[in-house]
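Contents: one structure, followed by commentary.
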Amino acid sequence: MSKLLHYLNESPTVFFILKKDDGLWELEYVTDNVIKIYGKTSEDFLNKKYHHADFIHKVDLKKFNEEASKISKIKDDQFTYEPYRIVKGSTSTWISHTTKIIRDKNGKPEFYYGYITDISKQKLLNNKLNTANTILDSIFNNSFNFILLLDNKGKLIKANQRSLEIGDCKEQTVIGKYFWELPWWNHYGEKERDILRDEINMITHGSCLKNNKYYYNKYGNKIEVDFCFSPVFDKDGDVSNILCEAHDITQSINTKKRLDQYMEIVNNNVYISISDLSGKIVNISDAYCKLTGYIRDELIGKRHNIFRHPDTEDQVFKELWTTISKGRLWKGEHKNVKKDGTTYWVENSITPNLDEDGNTIGYTSIYNDITDKKEISELLITDFLTKIYNRRHFNDIFNLELKRAKRDKKNFVLMILDIDYFKQYNDTYGHDAGDKALQVVASSLKDTLNRAHDFVFRLGGEEFGIITSKIGIEGTKILANKLKESIENLEIEHKKNRVSNFITISIGTKIVLPESNLSENDIYKLADDALYEAKDSGRNKAVLSIKDTL
């Protein structure tokens, strides 16, 4: 008996006995290890100094009492409580509690034997597992990607919501079908289905595979996808499942096609060259080669002075190199010579090319044959998506308008605008909707600013810039609020916007007085700081910088 008691006292499970005495159930025995859970000794409980219910978490006590009242009424010889918490000081312990019922010859409870076990670690692990499963399930079902899970024979086990929407089908109609039989491939011929079988067979042997596929959505549109097969291995290293994931690359493919088309247009129609830091040509467009009469190989590695006309003054190139060596844009006109000796005039814009650290690594020169049509130059200064001016043109106009405003002794105004919570908008409504929103916002800004010296730019992503002049502080505030209200009044739904139900913008503004010595970078930084102040103070706001120094 002593060995048994020693075992019980050393066990991680607390054992106790309840016996009826004068109509009341009283604690008759409890193991010494009760102190590990309650922080009190067995004598404390046997002497009725403390009771079990004193330690039950107040949130769990009502449920415990309801369950305890049922024990004497059940027909079974065992009752297990729902897990509950025991509070010891500032910590709580989750326990598993099972009661054994010993009945007399009449079937009435005579003794209760109880077993209480600390399951906090198990509870924690279960919570972590449940959380992980919830996260994985959320990723699976809420992914914008097409995801399928197959068994190791290629039969579909599970399909996420996105893939079912794409296939315009219900899960019960496709579960159990082989991969090559699924509705996404209805347009495939027998040879293409054989390829799908071969791909599945390859994956079942442990290989990964990534390639491009296509299907037609329910509207009949061809969708290009980047498709990936991944084997899932069991503990023995055998393939137990196959995970298939497809990412829609239709837009990127179409964008690349358009980019290739535009690059071809640029190559064939735009006079452009790229040089290294010493001025040696490293790339040049076919159009400029054609204009000058040279072939590409005759120009690569040569300096631009191969085109220099003898009449061009040294001062022109001295000013050019002084400007671009400081990382600034240079624009000017000069006379050049073609291979056959004939003369041509170009308007030349030279922009430093920067690496990721902002260091100059070369220069891009864009030439305009002054007699040529102006349409080609518009391609270089217009943002493709929004049809307003792009960042490159912003750099040009910034400098010219700042100088003009100082020359005319007028205020120069720079506004930087940002669509509020635009990442969340894209995440919620998709990038197609995001692109349309950018177009509408750009159009609204352009319509609001219609004076000859008003310029609207897309600086990148969801960020826009506005340059204007001949306007005071009050007028600038009125204009900023007008712009802000015009965007919110578009009533473009944005559920994830924390400050409105619609798309809104934040605006940072810097007014530059004619006598100011602020540089372009300083002006931009002050406007940008004002924008961040507008964001930090709640968004959907316009903040005017009053600083004159950084």
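Labeling convention for the structure tokens: chains A, B, ... as they appear, residues from 1 per chain, ligands from 1 in order of appearance.
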Could you give me, as a Markdown table, a per-residue list for range 334-413 of chain A showing, wherever an atom lies at most 9 Å from an atom of range 304-321 of chain A, the closest pair of atoms and their distance in Å to one decimal, using only C-alpha atoms and sorting by chain then residue number from low to high?
```
| residue | atom | partner | partner_atom | distance |
| --- | --- | --- | --- | --- |
| A:His334 | CA | A:Thr312 | CA | 6.8 |
| A:Lys335 | CA | A:His309 | CA | 5.9 |
| A:Asn336 | CA | A:His309 | CA | 4.7 |
| A:Val337 | CA | A:Phe307 | CA | 5.1 |
| A:Lys338 | CA | A:Phe307 | CA | 6.5 |
| A:Lys339 | CA | A:Phe307 | CA | 8.1 |
| A:Thr343 | CA | A:His309 | CA | 7.6 |
| A:Ile350 | CA | A:Leu320 | CA | 8.4 |
```
Store the residues picked out above in a file with N, CA and C atoms, as a PDB file, in the first residue's frame.
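Final output, result_7.pdb:
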```pdb
ATOM      1  N   HIS A 334      22.136  71.814 -79.833  1.00  0.00           N
ATOM      2  CA  HIS A 334      23.450  71.931 -80.460  1.00  0.00           C
ATOM      3  C   HIS A 334      23.446  71.310 -81.850  1.00  0.00           C
ATOM      4  N   LYS A 335      24.442  71.714 -82.608  1.00  0.00           N
ATOM      5  CA  LYS A 335      24.546  71.281 -84.000  1.00  0.00           C
ATOM      6  C   LYS A 335      25.498  70.092 -84.094  1.00  0.00           C
ATOM      7  N   ASN A 336      25.079  69.063 -84.856  1.00  0.00           N
ATOM      8  CA  ASN A 336      25.877  67.855 -85.010  1.00  0.00           C
ATOM      9  C   ASN A 336      26.137  67.553 -86.483  1.00  0.00           C
ATOM     10  N   VAL A 337      26.977  66.545 -86.700  1.00  0.00           N
ATOM     11  CA  VAL A 337      27.334  66.138 -88.060  1.00  0.00           C
ATOM     12  C   VAL A 337      27.041  64.657 -88.249  1.00  0.00           C
ATOM     13  N   LYS A 338      26.399  64.319 -89.367  1.00  0.00           N
ATOM     14  CA  LYS A 338      26.143  62.922 -89.696  1.00  0.00           C
ATOM     15  C   LYS A 338      27.395  62.288 -90.296  1.00  0.00           C
ATOM     16  N   LYS A 339      27.336  60.993 -90.541  1.00  0.00           N
ATOM     17  CA  LYS A 339      28.486  60.268 -91.089  1.00  0.00           C
ATOM     18  C   LYS A 339      28.881  60.806 -92.453  1.00  0.00           C
ATOM     19  N   THR A 343      24.811  68.320 -91.868  1.00  0.00           N
ATOM     20  CA  THR A 343      24.560  68.887 -90.544  1.00  0.00           C
ATOM     21  C   THR A 343      23.116  68.646 -90.107  1.00  0.00           C
ATOM     22  N   ILE A 350      19.904  65.340 -71.250  1.00  0.00           N
ATOM     23  CA  ILE A 350      20.800  64.329 -70.675  1.00  0.00           C
ATOM     24  C   ILE A 350      20.445  64.133 -69.199  1.00  0.00           C
TER      25      ILE A 350
END
```
DSSP helix (DSSP H, G or I) selection over range 231-443 of chain A, as a VMD selection string: chain A and resid 250 to 269 286 to 292 296 to 299 304 to 307 314 to 325 375 to 381 391 to 407 422 to 429 431 to 443
Non-local contacts of Glu485 in chain A (12 Å; only C-alpha atoms; under 3 positions in same chain excluded) as a list of chain:residue names: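 Non-adjacent residues within range: A:Val441, A:Ser444, A:Leu445, A:Thr448, A:Ile478, A:Leu479, A:Ala480, A:Asn481, A:Lys482, A:Glu488, A:Asn489, A:Leu490, A:Glu491, A:Ser500, A:Phe502, A:Ile503, A:Thr504, A:Ile505, A:Ser506, A:Ile507, A:Asn540, A:Lys541, A:Ala542.
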Store the residues of this selection in a file with N, CA and C atoms, as a short mmCIF file (atom, residue, chain, number, x, y, z; two decimals), in the first residue's frame.
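selection-v8.cif was written with the following content:
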```
data_model
loop_
_atom_site.label_atom_id
_atom_site.label_comp_id
_atom_site.auth_asym_id
_atom_site.auth_seq_id
_atom_site.Cartn_x
_atom_site.Cartn_y
_atom_site.Cartn_z
N VAL A 441 -8.43 58.86 -60.46
CA VAL A 441 -7.84 59.90 -59.61
C VAL A 441 -7.02 60.87 -60.45
N SER A 444 -9.27 63.16 -62.39
CA SER A 444 -9.90 64.17 -61.54
C SER A 444 -8.93 65.29 -61.18
N LEU A 445 -7.68 64.92 -60.86
CA LEU A 445 -6.68 65.94 -60.55
C LEU A 445 -6.43 66.85 -61.74
N THR A 448 -9.31 69.26 -62.24
CA THR A 448 -9.36 70.31 -61.21
C THR A 448 -8.32 71.38 -61.48
N ILE A 478 -6.88 76.57 -50.22
CA ILE A 478 -8.17 76.33 -50.88
C ILE A 478 -8.02 75.29 -51.98
N LEU A 479 -6.94 75.43 -52.77
CA LEU A 479 -6.71 74.48 -53.86
C LEU A 479 -6.48 73.07 -53.33
N ALA A 480 -5.70 72.95 -52.25
CA ALA A 480 -5.41 71.62 -51.69
C ALA A 480 -6.69 70.96 -51.20
N ASN A 481 -7.52 71.72 -50.51
CA ASN A 481 -8.79 71.15 -50.02
C ASN A 481 -9.72 70.80 -51.16
N LYS A 482 -9.69 71.61 -52.20
CA LYS A 482 -10.51 71.34 -53.38
C LYS A 482 -10.09 70.02 -54.03
N GLU A 488 -12.43 62.45 -52.85
CA GLU A 488 -13.38 61.75 -51.99
C GLU A 488 -14.78 61.78 -52.62
N ASN A 489 -15.09 62.86 -53.33
CA ASN A 489 -16.40 62.98 -53.97
C ASN A 489 -16.58 62.06 -55.17
N LEU A 490 -15.48 61.46 -55.60
CA LEU A 490 -15.61 60.44 -56.65
C LEU A 490 -16.37 59.23 -56.14
N GLU A 491 -16.35 59.06 -54.80
CA GLU A 491 -17.05 57.96 -54.13
C GLU A 491 -16.64 56.59 -54.67
N SER A 500 -12.39 56.92 -44.24
CA SER A 500 -13.55 57.17 -45.10
C SER A 500 -13.98 55.86 -45.72
N PHE A 502 -14.59 55.80 -48.81
CA PHE A 502 -14.18 55.97 -50.20
C PHE A 502 -12.68 56.23 -50.28
N ILE A 503 -12.17 56.20 -51.50
CA ILE A 503 -10.77 56.54 -51.72
C ILE A 503 -10.55 58.01 -51.35
N THR A 504 -9.48 58.27 -50.60
CA THR A 504 -9.11 59.64 -50.23
C THR A 504 -7.62 59.84 -50.50
N ILE A 505 -7.20 61.10 -50.40
CA ILE A 505 -5.78 61.40 -50.59
C ILE A 505 -5.26 62.25 -49.44
N SER A 506 -3.96 62.16 -49.21
CA SER A 506 -3.27 63.05 -48.29
C SER A 506 -2.33 63.92 -49.13
N ILE A 507 -2.15 65.18 -48.70
CA ILE A 507 -1.39 66.14 -49.51
C ILE A 507 -0.36 66.85 -48.64
N ASN A 540 -6.26 61.75 -45.22
CA ASN A 540 -7.34 62.54 -45.82
C ASN A 540 -7.20 63.98 -45.37
N LYS A 541 -5.94 64.45 -45.35
CA LYS A 541 -5.65 65.80 -44.90
C LYS A 541 -4.65 66.47 -45.83
N ALA A 542 -4.61 67.80 -45.76
CA ALA A 542 -3.63 68.58 -46.51
C ALA A 542 -2.81 69.38 -45.52
#
```
Lys100 in chain A surroundings by only C-alpha atoms, 12 Å radius, close-in-sequence under 4 positions cut, as an NGL selection string: :A and (15-18 or 71-72 or 74-81 or 109-116)
CA of Thr323 in chain A to CA of Thr549 in chain A, distance in Å rounded to a single decimal: 24.0 Å
Distance query range 422-439 of chain A at most 9 Å, only C-alpha atoms, self and fewer than 5 positions along chain excluded, as a PyMOL selection string: chain A and resi 144+251+385-387+444+461-462+492+494-497+503
Neighbour list for Asn399 in chain A as a ChimeraX atom specification, cut-off 10 Å, only C-alpha atoms, skip fewer than 6 positions in-chain: /A:328-329,519-520
Please dump the current selection as an mmCIF file, in the first residue's frame; keep N, CA and C atoms.
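File written: out-v6.cif
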```cif
data_model
loop_
_atom_site.group_PDB
_atom_site.id
_atom_site.type_symbol
_atom_site.label_atom_id
_atom_site.label_comp_id
_atom_site.auth_asym_id
_atom_site.auth_seq_id
_atom_site.Cartn_x
_atom_site.Cartn_y
_atom_site.Cartn_z
ATOM 1 N N ARG A 328 22.748 66.407 -62.150
ATOM 2 C CA ARG A 328 21.577 67.186 -62.550
ATOM 3 C C ARG A 328 21.276 66.994 -64.035
ATOM 4 N N LEU A 329 20.044 67.287 -64.361
ATOM 5 C CA LEU A 329 19.590 67.203 -65.748
ATOM 6 C C LEU A 329 20.150 68.374 -66.555
ATOM 7 N N SER A 519 16.991 74.458 -52.521
ATOM 8 C CA SER A 519 17.268 73.671 -53.728
ATOM 9 C C SER A 519 16.050 72.839 -54.097
ATOM 10 N N GLU A 520 16.101 72.249 -55.297
ATOM 11 C CA GLU A 520 15.007 71.380 -55.719
ATOM 12 C C GLU A 520 14.830 70.222 -54.731
#
```
Nearby residues (only C-alpha atoms) at most 9 Å from Glu333 in chain A, same-chain spacing under 5 positions excluded, as a ChimeraX atom specification: /A:316,345-349
With C-alpha atoms retained, write the just-selected residues as a PDB file, in the first residue's frame.
```
ATOM      1  CA  VAL A 316      28.211  74.298 -74.607  1.00  0.00           C
ATOM      2  CA  TRP A 345      20.319  70.122 -85.137  1.00  0.00           C
ATOM      3  CA  VAL A 346      19.115  68.334 -82.037  1.00  0.00           C
ATOM      4  CA  GLU A 347      17.444  69.310 -78.832  1.00  0.00           C
ATOM      5  CA  ASN A 348      19.315  67.227 -76.269  1.00  0.00           C
ATOM      6  CA  SER A 349      18.213  66.160 -72.779  1.00  0.00           C
TER       7      SER A 349
END
```
Residue set, range 158-327 of chain A restricted to strand (DSSP E or B), as a VMD selection string: chain A and resid 158 to 159 178 209 to 216 222 to 233 239 to 248 271 to 275 280 to 284 303 308
Shortest interatomic distance to Ile473 in chain A - which of A:Ile86, A:Val14, A:Leu544, A:Leu299, counting only C-alpha atoms: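 Between A:Ile86, A:Val14, A:Leu544, A:Leu299, the residue approaching Ile473 in chain A most closely is A:Leu544.
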Residue nearest His187 in chain A - candidates A:Met202, A:Arg162, A:Tyr216, A:Asp420, atoms counted: only C-alpha atoms: A:Tyr216
Interatomic distance, CA of Asn221 in chain A to CA of Ala442 in chain A (Å, one decimal): 28.4 Å
Counting only C-alpha atoms, the option among A:Ser230, A:Thr31, A:Asn521, A:Thr91 closest to Leu209 in chain A: A:Ser230
